[in-house]
>>> print(open('final15.txt').read())   # compact mmCIF, C-alpha atoms
# COMPACT_ATOMS: atom_id res chain seq x y z
CA MET J 1 6.46 -54.93 -12.22
CA SER J 2 4.85 -55.89 -8.96
CA ILE J 3 1.11 -56.18 -8.29
CA SER J 4 1.33 -56.78 -4.53
CA GLU J 5 3.94 -57.27 -1.84
CA SER J 6 3.89 -61.04 -2.42
CA GLU J 7 3.39 -61.20 -6.21
CA ASP J 8 5.17 -60.29 -9.45
CA ILE J 9 3.80 -60.20 -12.98
CA THR J 10 5.35 -61.07 -16.32
CA PHE J 11 3.95 -61.56 -19.81
CA PHE J 12 4.01 -64.29 -22.46
CA ASP J 13 3.31 -63.91 -26.18
CA MET J 14 1.36 -67.01 -27.27
CA ALA J 15 -0.01 -68.15 -30.62
CA VAL J 16 -2.38 -70.99 -31.48
CA ALA J 17 -2.46 -72.83 -34.81
CA ILE J 18 -4.64 -75.69 -35.98
CA CYS J 19 -2.96 -78.83 -37.32
CA PRO J 20 -4.04 -79.15 -40.96
CA ASP J 21 -4.03 -82.96 -40.75
CA CYS J 22 -5.97 -83.75 -37.57
CA GLY J 23 -7.41 -80.40 -36.41
CA THR J 24 -5.63 -80.38 -33.04
CA PRO J 25 -4.88 -76.89 -31.68
CA VAL J 26 -1.16 -76.35 -31.02
CA ALA J 27 0.11 -73.52 -28.77
CA GLU J 28 3.58 -72.03 -29.17
CA SER J 29 5.45 -68.85 -28.41
CA GLY J 30 4.16 -66.12 -30.72
CA TRP J 31 7.59 -64.86 -31.76
CA TYR J 32 8.68 -68.40 -32.65
CA GLY J 33 5.57 -69.53 -34.45
CA ILE J 34 4.39 -66.32 -36.11
CA ASP J 35 7.32 -63.89 -36.29
CA MET J 36 9.93 -66.53 -37.19
CA GLU J 37 7.37 -68.48 -39.30
CA SER J 38 8.62 -71.70 -37.74
CA ASP J 39 7.44 -75.21 -38.40
CA VAL J 40 5.96 -77.03 -35.41
CA GLU J 41 5.03 -80.63 -34.74
CA CYS J 42 1.51 -81.62 -33.76
CA TYR J 43 1.69 -83.52 -30.48
CA GLU J 44 -1.38 -85.57 -31.47
CA CYS J 45 -0.56 -86.89 -34.97
CA GLY J 46 3.11 -85.92 -35.44
CA ASN J 47 2.47 -83.79 -38.55
CA VAL J 48 4.99 -80.98 -39.04
CA PHE J 49 3.43 -77.76 -40.36
CA ASN J 50 4.09 -74.03 -40.64
CA MET J 51 2.67 -72.25 -37.60
CA LYS J 52 2.06 -68.91 -39.34
CA LYS J 53 0.19 -70.44 -42.28
CA HIS J 54 -2.22 -72.22 -39.94
CA ALA J 55 -2.46 -69.60 -37.15
CA ALA J 56 -5.84 -69.24 -35.47
CA ASP J 57 -5.16 -66.73 -32.69
CA ARG J 58 -2.48 -64.81 -30.80
CA ALA J 59 -2.50 -63.08 -27.42
CA THR J 60 -0.28 -61.64 -24.73
CA LEU J 61 -0.86 -63.55 -21.50
CA SER J 62 -0.31 -62.06 -18.07
CA VAL J 63 1.43 -64.42 -15.67
CA VAL J 64 1.12 -63.63 -11.97
CA LEU J 65 3.94 -65.18 -9.95
CA SER J 66 4.63 -65.61 -6.27
CA LYS J 67 7.84 -63.96 -5.04
CA ASN J 68 9.65 -67.30 -5.44
CA GLY J 69 8.67 -67.49 -9.14
CA LYS J 70 5.80 -69.98 -8.92
CA ILE J 71 2.85 -69.43 -11.27
CA LYS J 72 -0.25 -68.31 -9.37
CA ARG J 73 -2.64 -67.05 -12.10
CA LEU J 74 -2.82 -66.64 -15.87
CA GLY J 75 -4.90 -64.16 -17.83
CA VAL J 76 -5.23 -62.57 -21.24
CA LYS J 77 -3.70 -59.09 -21.28
CA ASP J 78 -4.10 -58.27 -24.99
CA LYS J 79 -5.42 -60.00 -28.09
CA ILE J 80 -3.22 -59.54 -31.15
CA ASP J 81 -4.99 -59.20 -34.51
CA LEU J 82 -3.46 -61.73 -36.89
CA GLU J 83 -4.65 -59.64 -39.84
CA ASP J 84 -1.92 -57.12 -38.90
CA GLU J 85 0.81 -59.79 -38.96
>>> encode(input="final15.txt", output="structure tokens")
Amino acid sequence: MSISESEDITFFDMAVAICPDCGTPVAESGWYGIDMESDVECYECGNVFNMKKHAADRATLSVVLSKNGKIKRLGVKDKIDLEDE
């Protein structure tokens, strides 16, 4: 999908969870963290926890790229209701 002659657009499913030990927000791919119910490691304190159990938010990001694949802009395309997960 192209948005101009010099740009392309792609999308990224992202989830955010809060580390239950230190409260640091951790971002991960939505399919990995929520759909696969994967454990992740907090980059701040090193605690390993289940992403889905501590999920705070999920969204589809729009990623605008230059024709050579360099990221130009990011935006939120859709918010995903975690209550439906």
>>> residues_around(input="final15.txt", residues="Glu7 (chain J)", least_positions_apart="4", cutoff="8 Å", atoms="all atoms listed in the file", output="ChimeraX atom specification")
/J:2-3,64-67
>>> atom_distance(input="final15.txt", atom1="CA of Leu82 (chain J)", atom2="CA of Ala55 (chain J)")
7.9 Å
>>> atom_distance(input="final15.txt", atom1="CA of Pro20 (chain J)", atom2="CA of His54 (chain J)")
7.2 Å
>>> residues_around(input="final15.txt", residues="region 24-36 of chain J", least_positions_apart="5", cutoff="8 Å", atoms="all atoms listed in the file", output="PDB file with C-alpha atoms, in the frame of the given file")
ATOM      1  CA  PHE J  12       4.010 -64.290 -22.460  1.00  0.00           C
ATOM      2  CA  ASP J  13       3.310 -63.910 -26.180  1.00  0.00           C
ATOM      3  CA  MET J  14       1.360 -67.010 -27.270  1.00  0.00           C
ATOM      4  CA  ALA J  15      -0.010 -68.150 -30.620  1.00  0.00           C
ATOM      5  CA  VAL J  16      -2.380 -70.990 -31.480  1.00  0.00           C
ATOM      6  CA  ALA J  17      -2.460 -72.830 -34.810  1.00  0.00           C
ATOM      7  CA  ILE J  18      -4.640 -75.690 -35.980  1.00  0.00           C
ATOM      8  CA  CYS J  19      -2.960 -78.830 -37.320  1.00  0.00           C
ATOM      9  CA  CYS J  42       1.510 -81.620 -33.760  1.00  0.00           C
ATOM     10  CA  TYR J  43       1.690 -83.520 -30.480  1.00  0.00           C
ATOM     11  CA  GLU J  44      -1.380 -85.570 -31.470  1.00  0.00           C
ATOM     12  CA  ASN J  50       4.090 -74.030 -40.640  1.00  0.00           C
ATOM     13  CA  MET J  51       2.670 -72.250 -37.600  1.00  0.00           C
ATOM     14  CA  LYS J  52       2.060 -68.910 -39.340  1.00  0.00           C
ATOM     15  CA  ALA J  55      -2.460 -69.600 -37.150  1.00  0.00           C
ATOM     16  CA  ARG J  58      -2.480 -64.810 -30.800  1.00  0.00           C
ATOM     17  CA  GLU J  85       0.810 -59.790 -38.960  1.00  0.00           C
TER      18      GLU J  85
END
>>> closest_residue(input="final15.txt", among="J:Ser38, J:Asn47, J:Ser4, J:Thr10", to="Lys70 (chain J)", atoms="all atoms listed in the file")
J:Thr10
>>> atom_distance(input="final15.txt", atom1="CA of Glu37 (chain J)", atom2="CA of Lys53 (chain J)")
8.0 Å
>>> closest_residue(input="final15.txt", among="J:Asp78, J:Asp8, J:Asp39, J:Glu83", to="Ala56 (chain J)", atoms="all atoms listed in the file")
J:Glu83
